[in-house]
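Chemist: Structure file model.cif (mmCIF, C-alpha atoms) right here:
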data_run
#
loop_
_atom_site.group_PDB
_atom_site.id
_atom_site.type_symbol
_atom_site.label_atom_id
_atom_site.label_comp_id
_atom_site.auth_asym_id
_atom_site.auth_seq_id
_atom_site.Cartn_x
_atom_site.Cartn_y
_atom_site.Cartn_z
ATOM 1 C CA MET A 1 11.357 13.843 -33.104
ATOM 2 C CA LYS A 2 7.925 13.867 -31.453
ATOM 3 C CA VAL A 3 7.523 13.069 -27.768
ATOM 4 C CA TYR A 4 3.948 12.590 -26.615
ATOM 5 C CA ARG A 5 3.251 13.812 -23.102
ATOM 6 C CA TYR A 6 0.698 11.819 -21.145
ATOM 7 C CA ASP A 7 -0.183 12.348 -17.487
ATOM 8 C CA SER A 8 -0.560 9.041 -15.639
ATOM 9 C CA PHE A 9 -2.748 8.131 -12.648
ATOM 10 C CA THR A 10 -5.222 10.890 -13.403
ATOM 11 C CA LYS A 11 -8.067 11.693 -15.781
ATOM 12 C CA VAL A 12 -7.087 15.374 -15.867
ATOM 13 C CA ALA A 13 -4.189 16.871 -17.827
ATOM 14 C CA ASN A 14 -1.474 18.558 -15.723
ATOM 15 C CA LYS A 15 -2.241 16.375 -12.724
ATOM 16 C CA GLY A 16 -0.800 12.956 -11.871
ATOM 17 C CA ASN A 17 2.674 12.151 -13.192
ATOM 18 C CA PRO A 18 3.870 13.299 -16.627
ATOM 19 C CA ALA A 19 5.691 10.850 -18.878
ATOM 20 C CA GLY A 20 7.137 11.247 -22.330
ATOM 21 C CA VAL A 21 6.270 8.541 -24.883
ATOM 22 C CA VAL A 22 8.263 7.940 -28.064
ATOM 23 C CA PHE A 23 6.795 5.589 -30.681
ATOM 24 C CA ASP A 24 8.859 3.447 -33.074
ATOM 25 C CA ALA A 25 12.076 3.964 -31.118
ATOM 26 C CA HIS A 26 13.994 1.086 -32.760
ATOM 27 C CA SER A 27 16.166 3.510 -34.758
ATOM 28 C CA LEU A 28 17.409 5.279 -31.626
ATOM 29 C CA SER A 29 20.603 4.362 -29.809
ATOM 30 C CA THR A 30 20.771 4.150 -26.020
ATOM 31 C CA LEU A 31 22.686 7.433 -25.979
ATOM 32 C CA GLU A 32 20.035 9.136 -28.104
ATOM 33 C CA MET A 33 17.272 7.871 -25.822
ATOM 34 C CA GLN A 34 19.137 9.238 -22.818
ATOM 35 C CA GLU A 35 19.627 12.605 -24.528
ATOM 36 C CA ILE A 36 15.931 12.820 -25.383
ATOM 37 C CA ALA A 37 14.932 11.995 -21.795
ATOM 38 C CA MET A 38 17.290 14.674 -20.522
ATOM 39 C CA LYS A 39 15.869 17.305 -22.923
ATOM 40 C CA VAL A 40 12.273 16.443 -22.078
ATOM 41 C CA GLY A 41 13.061 16.540 -18.347
ATOM 42 C CA PHE A 42 10.222 14.377 -17.028
ATOM 43 C CA ASN A 43 10.853 11.836 -14.306
ATOM 44 C CA GLU A 44 10.641 9.208 -17.040
ATOM 45 C CA THR A 45 10.407 9.036 -20.798
ATOM 46 C CA ALA A 46 9.329 5.709 -22.294
ATOM 47 C CA PHE A 47 10.533 4.377 -25.645
ATOM 48 C CA ILE A 48 8.372 1.800 -27.436
ATOM 49 C CA LEU A 49 10.161 -0.823 -29.521
ATOM 50 C CA ASP A 50 9.393 -4.122 -31.259
ATOM 51 C CA SER A 51 9.929 -7.321 -29.288
ATOM 52 C CA ASP A 52 10.399 -10.960 -30.237
ATOM 53 C CA LYS A 53 9.444 -12.013 -26.692
ATOM 54 C CA ALA A 54 6.307 -9.946 -26.036
ATOM 55 C CA ASP A 55 3.824 -7.711 -27.855
ATOM 56 C CA ILE A 56 6.085 -4.689 -27.380
ATOM 57 C CA ARG A 57 9.274 -3.723 -25.593
ATOM 58 C CA ILE A 58 9.552 -0.591 -23.460
ATOM 59 C CA ARG A 59 12.704 1.138 -22.241
ATOM 60 C CA TYR A 60 12.489 3.806 -19.526
ATOM 61 C CA PHE A 61 14.878 6.718 -18.970
ATOM 62 C CA THR A 62 15.073 9.398 -16.303
ATOM 63 C CA PRO A 63 17.080 12.509 -17.230
ATOM 64 C CA GLY A 64 20.065 10.769 -15.600
ATOM 65 C CA HIS A 65 19.896 7.039 -16.355
ATOM 66 C CA GLU A 66 17.872 4.061 -17.577
ATOM 67 C CA MET A 67 15.355 2.307 -15.278
ATOM 68 C CA ASN A 68 14.379 -1.366 -15.297
ATOM 69 C CA LEU A 69 10.685 -0.580 -14.911
ATOM 70 C CA CYS A 70 8.459 2.458 -14.530
ATOM 71 C CA GLY A 71 4.794 2.283 -13.571
ATOM 72 C CA HIS A 72 3.644 5.655 -14.856
ATOM 73 C CA GLY A 73 5.751 5.279 -18.000
ATOM 74 C CA THR A 74 4.021 1.972 -18.736
ATOM 75 C CA ILE A 75 0.553 3.407 -18.111
ATOM 76 C CA ALA A 76 1.374 6.332 -20.431
ATOM 77 C CA SER A 77 2.808 4.092 -23.163
ATOM 78 C CA LEU A 78 -0.172 1.755 -23.314
ATOM 79 C CA PHE A 79 -2.698 4.562 -23.186
ATOM 80 C CA ALA A 80 -0.783 6.441 -25.895
ATOM 81 C CA LEU A 81 -0.875 3.378 -28.159
ATOM 82 C CA TYR A 82 -4.637 3.162 -27.605
ATOM 83 C CA ASP A 83 -5.234 6.907 -27.912
ATOM 84 C CA GLN A 84 -2.985 7.661 -30.900
ATOM 85 C CA ARG A 85 -3.079 4.361 -32.821
ATOM 86 C CA GLY A 86 -6.186 2.584 -31.655
ATOM 87 C CA ASN A 87 -4.172 -0.342 -30.330
ATOM 88 C CA SER A 88 -5.934 -2.024 -27.430
ATOM 89 C CA ASN A 89 -4.500 -5.500 -27.980
ATOM 90 C CA ILE A 90 -1.243 -5.266 -26.015
ATOM 91 C CA ARG A 91 -1.158 -8.088 -23.473
ATOM 92 C CA THR A 92 2.542 -8.497 -22.676
ATOM 93 C CA ILE A 93 5.469 -6.106 -22.466
ATOM 94 C CA GLU A 94 9.190 -6.799 -22.433
ATOM 95 C CA THR A 95 11.112 -4.747 -19.868
ATOM 96 C CA LYS A 96 14.461 -5.032 -18.123
ATOM 97 C CA ALA A 97 12.447 -6.263 -15.128
ATOM 98 C CA GLY A 98 11.104 -9.170 -17.201
ATOM 99 C CA ILE A 99 8.085 -10.036 -19.347
ATOM 100 C CA LEU A 100 4.987 -8.577 -17.670
ATOM 101 C CA SER A 101 1.261 -8.890 -18.312
ATOM 102 C CA VAL A 102 -0.815 -5.790 -19.065
ATOM 103 C CA SER A 103 -4.408 -5.041 -20.042
ATOM 104 C CA LEU A 104 -6.803 -2.228 -20.892
ATOM 105 C CA ILE A 105 -9.928 -2.191 -18.756
ATOM 106 C CA GLU A 106 -13.117 -0.276 -19.549
ATOM 107 C CA ASP A 107 -14.790 0.939 -16.360
ATOM 108 C CA ASP A 108 -18.506 1.498 -15.723
ATOM 109 C CA HIS A 109 -18.254 4.968 -17.275
ATOM 110 C CA LYS A 110 -16.635 3.650 -20.483
ATOM 111 C CA GLU A 111 -13.301 5.153 -19.482
ATOM 112 C CA ILE A 112 -10.062 3.258 -20.023
ATOM 113 C CA LYS A 113 -7.852 2.195 -17.132
ATOM 114 C CA ILE A 114 -4.482 0.491 -17.683
ATOM 115 C CA ARG A 115 -3.542 -2.495 -15.527
ATOM 116 C CA MET A 116 -0.004 -3.848 -15.290
ATOM 117 C CA GLU A 117 1.660 -6.727 -13.510
ATOM 118 C CA GLN A 118 4.834 -6.055 -11.566
ATOM 119 C CA SER A 119 7.819 -8.249 -10.786
ATOM 120 C CA SER A 120 7.772 -10.626 -7.812
ATOM 121 C CA PRO A 121 8.442 -8.513 -4.706
ATOM 122 C CA LYS A 122 11.788 -8.532 -2.928
ATOM 123 C CA PHE A 123 12.629 -6.909 0.405
ATOM 124 C CA MET A 124 15.783 -6.077 2.312
ATOM 125 C CA GLU A 125 16.039 -4.505 5.755
ATOM 126 C CA PHE A 126 17.355 -0.974 6.135
ATOM 127 C CA GLU A 127 20.235 -1.124 8.605
ATOM 128 C CA GLY A 128 21.482 2.434 8.273
ATOM 129 C CA ASP A 129 21.233 5.502 10.486
ATOM 130 C CA LYS A 130 17.542 6.208 11.102
ATOM 131 C CA THR A 131 18.213 9.763 12.288
ATOM 132 C CA ALA A 132 20.275 10.571 9.196
ATOM 133 C CA LEU A 133 17.507 9.090 7.029
ATOM 134 C CA ALA A 134 14.885 11.295 8.673
ATOM 135 C CA GLN A 135 17.073 14.379 8.282
ATOM 136 C CA SER A 136 17.648 13.614 4.588
ATOM 137 C CA ILE A 137 13.926 14.115 3.922
ATOM 138 C CA GLY A 138 13.512 17.054 6.291
ATOM 139 C CA ILE A 139 11.758 15.398 9.221
ATOM 140 C CA SER A 140 12.754 14.200 12.687
ATOM 141 C CA ASN A 141 13.413 10.718 14.006
ATOM 142 C CA THR A 142 10.176 10.818 16.016
ATOM 143 C CA ASP A 143 8.135 11.296 12.829
ATOM 144 C CA ILE A 144 8.982 7.745 11.711
ATOM 145 C CA ASN A 145 6.521 5.039 12.737
ATOM 146 C CA GLU A 146 8.337 2.765 15.184
ATOM 147 C CA GLU A 147 5.787 -0.047 14.877
ATOM 148 C CA LEU A 148 6.539 -0.760 11.208
ATOM 149 C CA PRO A 149 9.899 -1.675 9.633
ATOM 150 C CA ILE A 150 11.848 0.540 7.249
ATOM 151 C CA MET A 151 12.461 -1.711 4.258
ATOM 152 C CA TYR A 152 14.023 -1.624 0.820
ATOM 153 C CA GLY A 153 11.429 -3.029 -1.572
ATOM 154 C CA ASN A 154 11.462 -3.988 -5.221
ATOM 155 C CA THR A 155 8.711 -4.955 -7.679
ATOM 156 C CA GLY A 156 10.827 -3.915 -10.651
ATOM 157 C CA THR A 157 13.048 -1.224 -9.166
ATOM 158 C CA TRP A 158 14.344 -0.572 -5.640
ATOM 159 C CA THR A 159 12.860 2.038 -3.325
ATOM 160 C CA LEU A 160 13.095 2.547 0.443
ATOM 161 C CA LEU A 161 9.726 2.421 2.206
ATOM 162 C CA VAL A 162 9.652 4.745 5.216
ATOM 163 C CA PRO A 163 6.474 4.543 7.362
ATOM 164 C CA VAL A 164 5.650 7.866 9.030
ATOM 165 C CA ASN A 165 3.184 8.992 11.706
ATOM 166 C CA GLY A 166 0.390 10.609 9.734
ATOM 167 C CA LEU A 167 -0.445 13.128 7.040
ATOM 168 C CA GLU A 168 0.928 16.195 8.819
ATOM 169 C CA VAL A 169 4.473 14.867 8.504
ATOM 170 C CA PHE A 170 4.405 15.089 4.701
ATOM 171 C CA SER A 171 3.887 18.856 4.651
ATOM 172 C CA ARG A 172 7.210 19.312 6.466
ATOM 173 C CA MET A 173 9.274 17.123 4.147
ATOM 174 C CA GLU A 174 12.082 18.888 2.284
ATOM 175 C CA PRO A 175 14.336 16.287 0.668
ATOM 176 C CA GLU A 176 18.076 16.712 0.418
ATOM 177 C CA ASN A 177 18.488 14.070 -2.273
ATOM 178 C CA TRP A 178 22.246 14.481 -2.460
ATOM 179 C CA LYS A 179 22.459 12.839 0.981
ATOM 180 C CA PHE A 180 20.689 9.640 -0.124
ATOM 181 C CA PRO A 181 23.693 7.645 -1.432
ATOM 182 C CA GLU A 182 25.542 7.923 1.883
ATOM 183 C CA VAL A 183 22.438 7.241 3.989
ATOM 184 C CA LEU A 184 21.283 4.349 1.801
ATOM 185 C CA SER A 185 24.594 2.544 1.959
ATOM 186 C CA GLU A 186 23.087 -0.883 1.129
ATOM 187 C CA ILE A 187 21.602 0.436 -2.174
ATOM 188 C CA PRO A 188 23.134 3.891 -2.816
ATOM 189 C CA LYS A 189 21.131 4.588 -6.003
ATOM 190 C CA CYS A 190 17.806 3.889 -4.295
ATOM 191 C CA SER A 191 14.896 6.342 -4.063
ATOM 192 C CA VAL A 192 13.002 7.106 -0.828
ATOM 193 C CA HIS A 193 9.253 6.547 -0.480
ATOM 194 C CA PRO A 194 7.678 7.756 2.799
ATOM 195 C CA PHE A 195 4.067 6.660 3.384
ATOM 196 C CA CYS A 196 1.354 6.493 6.025
ATOM 197 C CA LEU A 197 -1.841 4.477 6.470
ATOM 198 C CA GLU A 198 -4.266 7.367 6.247
ATOM 199 C CA ALA A 199 -5.283 9.641 3.389
ATOM 200 C CA TYR A 200 -7.062 12.878 2.486
ATOM 201 C CA ASP A 201 -9.456 11.132 0.091
ATOM 202 C CA GLU A 202 -11.852 8.751 1.836
ATOM 203 C CA ASP A 203 -11.538 6.296 -1.072
ATOM 204 C CA CYS A 204 -7.810 5.902 -0.431
ATOM 205 C CA MET A 205 -6.030 3.896 2.246
ATOM 206 C CA VAL A 206 -2.426 5.094 1.837
ATOM 207 C CA HIS A 207 -0.788 8.484 1.320
ATOM 208 C CA ALA A 208 2.769 8.779 0.020
ATOM 209 C CA ARG A 209 5.513 10.915 -1.496
ATOM 210 C CA HIS A 210 8.462 9.759 -3.583
ATOM 211 C CA PHE A 211 11.920 11.345 -3.570
ATOM 212 C CA SER A 212 14.225 10.472 -6.454
ATOM 213 C CA SER A 213 17.760 9.224 -6.321
ATOM 214 C CA PRO A 214 20.131 12.127 -7.085
ATOM 215 C CA PHE A 215 21.451 10.067 -9.994
ATOM 216 C CA SER A 216 18.052 10.394 -11.697
ATOM 217 C CA GLY A 217 18.362 14.119 -12.305
ATOM 218 C CA THR A 218 14.998 14.846 -10.646
ATOM 219 C CA VAL A 219 13.894 15.629 -7.087
ATOM 220 C CA GLU A 220 10.391 14.218 -6.627
ATOM 221 C CA ASP A 221 8.204 11.800 -8.551
ATOM 222 C CA THR A 222 4.651 13.086 -8.210
ATOM 223 C CA VAL A 223 2.756 9.754 -8.411
ATOM 224 C CA THR A 224 4.686 6.480 -8.508
ATOM 225 C CA GLY A 225 3.222 3.225 -9.785
ATOM 226 C CA THR A 226 6.072 0.845 -9.046
ATOM 227 C CA ALA A 227 6.570 2.122 -5.493
ATOM 228 C CA SER A 228 2.815 1.849 -4.868
ATOM 229 C CA GLY A 229 3.042 -1.798 -5.884
ATOM 230 C CA VAL A 230 5.846 -2.258 -3.369
ATOM 231 C CA ILE A 231 3.568 -0.810 -0.669
ATOM 232 C CA GLY A 232 0.968 -3.430 -1.577
ATOM 233 C CA ALA A 233 3.446 -6.275 -1.123
ATOM 234 C CA TYR A 234 4.781 -4.662 2.076
ATOM 235 C CA TYR A 235 1.248 -4.431 3.462
ATOM 236 C CA THR A 236 0.551 -8.148 3.073
ATOM 237 C CA LYS A 237 3.987 -9.119 4.424
ATOM 238 C CA TYR A 238 4.482 -6.746 7.364
ATOM 239 C CA ILE A 239 1.043 -5.366 8.284
ATOM 240 C CA SER A 240 -1.660 -7.888 7.403
ATOM 241 C CA ASN A 241 -1.663 -11.642 6.913
ATOM 242 C CA ALA A 242 -4.386 -11.384 4.267
ATOM 243 C CA SER A 243 -3.703 -13.502 1.193
ATOM 244 C CA SER A 244 -5.175 -10.823 -1.043
ATOM 245 C CA ILE A 245 -5.903 -7.126 -0.775
ATOM 246 C CA SER A 246 -6.787 -4.168 -2.972
ATOM 247 C CA PHE A 247 -6.617 -0.481 -2.110
ATOM 248 C CA ILE A 248 -5.865 2.955 -3.536
ATOM 249 C CA VAL A 249 -2.728 4.994 -2.913
ATOM 250 C CA GLU A 250 -2.972 8.785 -3.215
ATOM 251 C CA GLN A 251 0.079 10.879 -4.009
ATOM 252 C CA GLY A 252 1.074 14.290 -5.354
ATOM 253 C CA ASN A 253 -1.068 16.405 -3.029
ATOM 254 C CA GLU A 254 1.857 18.371 -1.631
ATOM 255 C CA VAL A 255 3.037 19.378 -5.113
ATOM 256 C CA LYS A 256 -0.460 20.117 -6.505
ATOM 257 C CA SER A 257 -0.314 17.186 -8.917
ATOM 258 C CA GLU A 258 -2.697 14.709 -7.336
ATOM 259 C CA GLY A 259 -3.111 11.181 -8.617
ATOM 260 C CA LYS A 260 -4.317 7.741 -7.571
ATOM 261 C CA VAL A 261 -2.787 4.296 -8.013
ATOM 262 C CA TYR A 262 -5.015 1.214 -7.715
ATOM 263 C CA VAL A 263 -3.072 -1.624 -6.087
ATOM 264 C CA GLU A 264 -3.933 -5.341 -6.081
ATOM 265 C CA VAL A 265 -2.010 -8.082 -4.296
ATOM 266 C CA GLN A 266 -2.910 -11.769 -4.489
ATOM 267 C CA ASP A 267 -1.335 -14.982 -3.276
ATOM 268 C CA GLU A 268 -1.147 -17.388 -6.208
ATOM 269 C CA ASN A 269 0.125 -20.806 -5.164
ATOM 270 C CA GLY A 270 2.342 -19.284 -2.506
ATOM 271 C CA GLU A 271 3.682 -16.526 -4.758
ATOM 272 C CA CYS A 272 2.842 -12.882 -4.151
ATOM 273 C CA LYS A 273 1.482 -11.327 -7.354
ATOM 274 C CA VAL A 274 1.342 -7.532 -7.494
ATOM 275 C CA CYS A 275 -0.607 -5.478 -10.035
ATOM 276 C CA ILE A 276 -1.274 -1.773 -10.289
ATOM 277 C CA SER A 277 -3.657 0.176 -12.482
ATOM 278 C CA GLY A 278 -4.518 3.761 -13.247
ATOM 279 C CA TYR A 279 -6.110 6.223 -15.611
ATOM 280 C CA CYS A 280 -4.221 8.466 -18.017
ATOM 281 C CA ALA A 281 -4.770 11.811 -19.774
ATOM 282 C CA TYR A 282 -3.311 13.199 -23.009
ATOM 283 C CA ASN A 283 -1.474 16.475 -22.543
ATOM 284 C CA LYS A 284 0.493 17.603 -25.627
ATOM 285 C CA VAL A 285 3.136 16.792 -28.232
ATOM 286 C CA ILE A 286 6.681 18.014 -27.668
ATOM 287 C CA GLU A 287 8.773 18.453 -30.815
ATOM 288 C CA LEU A 288 12.552 18.229 -30.457
#
Output the file's structure in the form of structure tokens.
Modeler:
Amino acid sequence: MKVYRYDSFTKVANKGNPAGVVFDAHSLSTLEMQEIAMKVGFNETAFILDSDKADIRIRYFTPGHEMNLCGHGTIASLFALYDQRGNSNIRTIETKAGILSVSLIEDDHKEIKIRMEQSSPKFMEFEGDKTALAQSIGISNTDINEELPIMYGNTGTWTLLVPVNGLEVFSRMEPENWKFPEVLSEIPKCSVHPFCLEAYDEDCMVHARHFSSPFSGTVEDTVTGTASGVIGAYYTKYISNASSISFIVEQGNEVKSEGKVYVEVQDENGECKVCISGYCAYNKVIEL
């Protein structure tokens, strides 16, 4: 069994977010996919299968369970198909979050960037203990931005968006993931995604970190595509009334695995459409 490691949301190997990619996975059972993801140990491993509804089907597994959708796993899968097999014609993917549009874009420097649609955004208010939430990620109640709401958001998978008061707060975060299910009583298997509206890189507008659900078998996701898409939808709903916006989210700085997610949000006939895009770098082949 060969698992191809690609690092998403970066042009440089060993930065961004690593994902495992398995081609021709139709012969594998769900249990075998889960075992492979656990052995590889990345936040997600993506399995590419045939589809009768889209160009391909992708299933995503953390070391602990299957996910409906994974941004960096999708970016890695599509870039791997292009890089290893010369396939640049994938336009739709079947996922447990639905049939989504994707594309390969060549930038001004002839480098390939992967763009993917996300599911229609959904939000639900966090009504739990704000102090306990802050403590679960190693900060204080006063570090949370009181002017913005704490919201569960979903553009394919649920995460809790926690607005905080600036970049300095992130350096003090030490997650105690095992506390999340009790704190996040509305969605106990949810991850936690603190963010702020400033960044180290002048090209970026948002800085974030992403702490995994304890059921995932990991602690922190270095650069998260799906959660960045949720931030885009959150921005247009709770911060700005703009019908469309595009910006860059930076993530991974605190764990020395920097990456960037390009976020686009547009209002199409009253429906919020969210897309993300990013670069990808080949790393190595893992043989199991």
Chemist: May I have a table of the residues of range 107-155 of chain A lying at most 12 Å from range 220-225 of chain A, giving each one's closest pair of atoms and their distance in Å to one decimal, counting all atoms listed in the file, ordered by chain and ascending residue number, as a Markdown table?
Modeler:
| residue | atom | partner | partner_atom | distance |
| --- | --- | --- | --- | --- |
| A:Ile114 | CA | A:Gly225 | CA | 11.4 |
| A:Arg115 | CA | A:Gly225 | CA | 10.6 |
| A:Met116 | CA | A:Gly225 | CA | 9.5 |
| A:Glu117 | CA | A:Gly225 | CA | 10.7 |
| A:Gln118 | CA | A:Gly225 | CA | 9.6 |
| A:Ile137 | CA | A:Glu220 | CA | 11.1 |
| A:Asn154 | CA | A:Gly225 | CA | 11.9 |
| A:Thr155 | CA | A:Gly225 | CA | 10.1 |
Chemist: Please, what distance in Å, to one decimal, runs between CA of Pro121 in chain A and CA of Tyr82 in chain A?
Modeler: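 Here the two named atoms are 28.8 Å from each other.
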Chemist: Just to confirm, what's the straight-line distance from CA of Ala227 in chain A to CA of Val3 in chain A in Å (one decimal)?
Modeler: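 CA of Val3 in chain A lies 24.8 Å from CA of Ala227 in chain A.
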Chemist: Using the chain letters and numbering of this document, enumerate as a PyMOL selection string the residues selected by the PyMOL selection byres ((chain A and resi 93) around 8).
Modeler: chain A and resi 54-58+90-92+94-95+99-102
Chemist: In Å, how far is it from CA of Glu176 in chain A to CA of Gly153 in chain A?
Modeler: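 CA of Glu176 in chain A sits 20.9 Å away from CA of Gly153 in chain A.
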Chemist: I'd like to see the residues matched by the PyMOL selection byres ((chain A and resi 70-79) around 7) on this file, and ideally I'd get them as a ChimeraX atom specification.
Modeler: /A:6-8,17,19,21,44-46,60,67,69,80-83,114,224-226,280
Chemist: Using the chain letters and numbering of this document, enumerate as a list in words the residues selected by the PyMOL selection byres ((chain A and resi 174) around 10).
Modeler: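 On the file shown, the PyMOL selection byres ((chain A and resi 174) around 10) covers Gln135, Ser136, Ile137, Gly138, Ile139, Phe170, Ser171, Arg172, Met173, Pro175, Glu176, Asn177 and Phe211 of chain A.
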Chemist: Between A:Val192, A:Asp50, A:Val206, A:Lys15, which has the minimum distance to Ser27 in chain A (counting all atoms listed in the file)?
Modeler: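 Among A:Val192, A:Asp50, A:Val206, A:Lys15, it is A:Asp50 that comes nearest to Ser27 in chain A.
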Chemist: Find the spatial neighbours of Glu127 in chain A, counting all atoms listed in the file, within a cut-off of 9 Å - ignore same-chain residues fewer than 4 positions away - and output them as a PyMOL selection string.
Modeler: chain A and resi 150-151+184-186
Chemist: Restricting it to C-alpha atoms, dump the selection as a PDB file, in the coordinates of the input.
Modeler:
ATOM      1  CA  ILE A 150      11.848   0.540   7.249  1.00  0.00           C
ATOM      2  CA  MET A 151      12.461  -1.711   4.258  1.00  0.00           C
ATOM      3  CA  LEU A 184      21.283   4.349   1.801  1.00  0.00           C
ATOM      4  CA  SER A 185      24.594   2.544   1.959  1.00  0.00           C
ATOM      5  CA  GLU A 186      23.087  -0.883   1.129  1.00  0.00           C
TER       6      GLU A 186
END
Chemist: Rank nothing, just name the residue among A:Ile105, A:Ala208, A:Val22, A:Ile239 nearest to Val285 in chain A, using all atoms listed in the file.
Modeler: A:Val22
Chemist: Can you work out which one of A:Asp24, A:Glu198, A:Glu182, A:Glu268 has the shortest atom-to-atom distance to Ala132 in chain A, counting only C-alpha atoms?
Modeler: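 When distances to Ala132 in chain A are compared using only C-alpha atoms, the smallest one comes from A:Glu182.
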Chemist: Can you pull out the residues contacting Thr10 in chain A? Cut-off 6 Å, using all atoms listed in the file, and skip same-chain residues under 4 positions away; I want them as an MDAnalysis selection string.
Modeler: chainID A and resid 16 259 279:280
Chemist: Keeping only C-alpha atoms, write those residues as a PDB file, in the frame of the given file.
Modeler:
ATOM      1  CA  GLY A  16      -0.800  12.956 -11.871  1.00  0.00           C
ATOM      2  CA  GLY A 259      -3.111  11.181  -8.617  1.00  0.00           C
ATOM      3  CA  TYR A 279      -6.110   6.223 -15.611  1.00  0.00           C
ATOM      4  CA  CYS A 280      -4.221   8.466 -18.017  1.00  0.00           C
TER       5      CYS A 280
END
Chemist: Nearest to Val162 in chain A among A:Val219, A:Met1, A:Met38, A:Val230, with distances taken over only C-alpha atoms: which residue is it?
Modeler: A:Val230
Chemist: Around the point (5.4, 2.1, 14.7) in the file's coordinates, collect all residues with an atom within 9 Å, using only C-alpha atoms, and return them as a ChimeraX atom specification.
Modeler: /A:144-149,163-165
Chemist: Once 3 Å is added on each side, what centre and edge lengths in Å to one decimal does the axis-aligned box around all listed atoms of range 51-61 of chain A have, as JSON?
Modeler:
{"center_x": 9.4, "center_y": -2.6, "center_z": -24.6, "size_x": 17.1, "size_y": 24.7, "size_z": 17.3}
Chemist: A:Ile245, A:Met33, A:Ala134, A:Ile48: which is nearest Val274 in chain A, counting all atoms listed in the file?
Modeler: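 Smallest separation from Val274 in chain A among the options: A:Ile245.
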Chemist: Considering all atoms listed in the file, can you say which of A:Phe195, A:Phe215, A:Gly166, A:Leu161 comes closest to Trp178 in chain A?
Modeler: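 Looking only at the distances to Trp178 in chain A, the closest residue turns out to be A:Phe215.
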Chemist: Could you give me, as a VMD selection string, the residues that have an atom at most 12 Å away from the point (-7.1, -2.1, -3.4) in the coordinates of the file, using all atoms listed in the file?
Modeler: chain A and resid 203 to 206 228 to 229 231 to 233 235 to 236 244 to 250 260 to 266 274 to 278
Chemist: Can you rebuild range 51-55 of chain A with all heavy atoms and give it as a CSV table (one decimal), in the frame of the given file?
Modeler:
chain,number,residue,atom,x,y,z
A,51,SER,N,9.4,-6.3,-30.1
A,51,SER,CA,9.9,-7.3,-29.3
A,51,SER,C,9.7,-8.7,-29.9
A,51,SER,O,8.6,-8.9,-30.5
A,51,SER,CB,9.3,-7.3,-27.9
A,51,SER,OG,9.6,-8.4,-27.1
A,52,ASP,N,10.6,-9.6,-29.8
A,52,ASP,CA,10.4,-11.0,-30.2
A,52,ASP,C,10.0,-11.9,-29.1
A,52,ASP,O,9.9,-13.1,-29.2
A,52,ASP,CB,11.6,-11.5,-31.0
A,52,ASP,CG,12.9,-11.5,-30.1
A,52,ASP,OD1,12.8,-11.1,-28.9
A,52,ASP,OD2,14.0,-11.8,-30.6
A,53,LYS,N,9.8,-11.3,-27.9
A,53,LYS,CA,9.4,-12.0,-26.7
A,53,LYS,C,8.1,-11.6,-26.2
A,53,LYS,O,7.5,-12.4,-25.4
A,53,LYS,CB,10.5,-11.8,-25.6
A,53,LYS,CG,11.9,-12.2,-26.0
A,53,LYS,CD,12.9,-11.8,-24.8
A,53,LYS,CE,14.3,-12.2,-25.2
A,53,LYS,NZ,15.3,-11.8,-24.2
A,54,ALA,N,7.6,-10.5,-26.5
A,54,ALA,CA,6.3,-9.9,-26.0
A,54,ALA,C,5.7,-9.1,-27.1
A,54,ALA,O,6.2,-9.0,-28.2
A,54,ALA,CB,6.5,-9.1,-24.8
A,55,ASP,N,4.5,-8.5,-26.8
A,55,ASP,CA,3.8,-7.7,-27.9
A,55,ASP,C,4.6,-6.5,-28.2
A,55,ASP,O,4.7,-6.0,-29.3
A,55,ASP,CB,2.4,-7.3,-27.4
A,55,ASP,CG,1.5,-8.5,-27.3
A,55,ASP,OD1,1.7,-9.5,-28.1
A,55,ASP,OD2,0.6,-8.5,-26.4
